[in-house]
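Trainee: Here it is, the structure, as structure tokens.
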There are 2 protein chains.
Amino acid sequence: MRLTTKGRYAVTAMLDLAIHYEQGPITLADISQRQEISLSYLEQLFSKLRKNELVNSARGPGGGYRLSRPAEDVAVAEIIAAVDETVDATRCKRKGNCQHAERCLTHDLWCDLSDQIFDFLANISLGSLVEKKAVQDVARRQDNALPLNREDVSLKEPYVA
Amino acid sequence: MRLTTKGRYAVTAMLDLAIHYEQGPITLADISQRQEISLSYLEQLFSKLRKNELVNSARGPGGGYRLSRPAEDVAVAEIIAAVDETVDATRCKRKGNCQHAERCLTHDLWCDLSDQIFDFLANISLGSLVEKKAVQDVARRQDNALPLNREDVSLKEPYVA
DNA sequence: AATATACTTGACTAAAATGCTTGGTTTTTT
DNA sequence: AAAAAACCAAGCATTTTAGTCAAGTATATT
């Protein structure tokens, strides 16, 4: 299983989209500021998310990204798979050729673990995360810290990390 | 969760110890040949395993390493924790200060996942692995490929990777 | 039509982690 | 004494990570 900052960033960004779904297309600049992820890194991630049809994009002023499905139908496992390409704890990509042409001593153990992790993440949807109180609290804090709306963009000061 | 080759190597080496427990102290050179892990890397891993009291060492000819407890009482999670120092999927080491002084949007998700992985690995003992047929088959293959005993070391040819 | 805004692509890179290697030293047995 | 093993420390080459940067292309507003 590859579980790196990349996958975490992708899930965080997708959750941000889910939370602000009502507000129409969300720009990467907004996500960048709220979640403190560099804009160009987000661009890379969203390129993959779009190719995996997890988000739709709209160009031009007023554009941005939206979830392409209801948040309830998007599993965390899908998001990580979309950006990390693999959800696997073995070294042989489950082929069983870890030691020469054959399997190593612990091959089955890592396969079982991979299944376990995948099942866990496959059964958690963005929708279920949005409903959690802890998530809502953090989202409220982030929105208050950076209260940007399309109506009063002029009010905001430049963001400084 | 850090689940790298390091942790996999450590578990594999410990499983090798468990399988050959009857044969008295096992040298790292034996493990290195059977499991195809470099000797000096094994030394580093076993330094940590010893500090965590998972193995006992004996120096000098006829020396080597043994499990310090019955294989049934050694959880895979302990081994990985001993060499990787952490079994954690969050970026903040569970402190909840992932975003400035506060928690990030997905903090709880990664905490839950870490717990899940830890529970899985905490409930698998070396003993339960030794009993598995797949493991026994691989072990038999490895022993046949490199039939070194303390009695006929002179028979073996230099190992070539 | 001009412009602002948004997305796309690809090359590049600093820093960290990984998996070793080298070169020793001690300790114990024979 | 010689050999076999554990023990230790420093360094290193490669790969991966987590981005940045630059130069675009596309779209919507005005």
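In the structure tokens, each chain is lettered A, B, ... as it comes, each chain's residues begin at 1, and ligands are numbered from 1 in order of appearance.
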What's the 10 Å shell around Ser125 of chain B, counting only C-alpha atoms (C1' of nucleotides), without same-chain residues fewer than 4 positions away, as a list in words?
Mentor: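 Surrounding residues, per the criterion: Leu15, Pro70, Ala71, Glu72, Asp73, Val74, Ala75, Val76, Ala77, Glu78, Leu121, Leu129 and Val130 of chain B.
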Trainee: Please run DSSP on the backbone and report, as a PyMOL selection string, all residues within segment 15-126 of chain A that come out as alpha helix (DSSP H).
Mentor: chain A and resi 15-19+28-35+39-51+76-84+107-122+126
Trainee: Report the distance between atom C1' of DT13 of chain C and atom CA of Arg8 of chain A in Å, rounded to one decimal place.
Mentor: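 Between atom C1' of DT13 of chain C and atom CA of Arg8 of chain A the gap works out to 22.5 Å.
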Trainee: As a list in words, please: the residues near DT14 of chain D (cut-off 12 Å, only C-alpha atoms (C1' of nucleotides), same-chain neighbours under 6 positions excluded).
Mentor: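 What passes the distance filter is DA17, DT18, DG19 and DC20 of chain C.
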Trainee: Restricting the calculation to only C-alpha atoms (C1' of nucleotides), which member of D:DA3, D:DT17, D:DT30, D:DA22 is positioned closest to chain B?
Mentor: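 Among D:DA3, D:DT17, D:DT30, D:DA22, it is D:DA3 that comes nearest to chain B.
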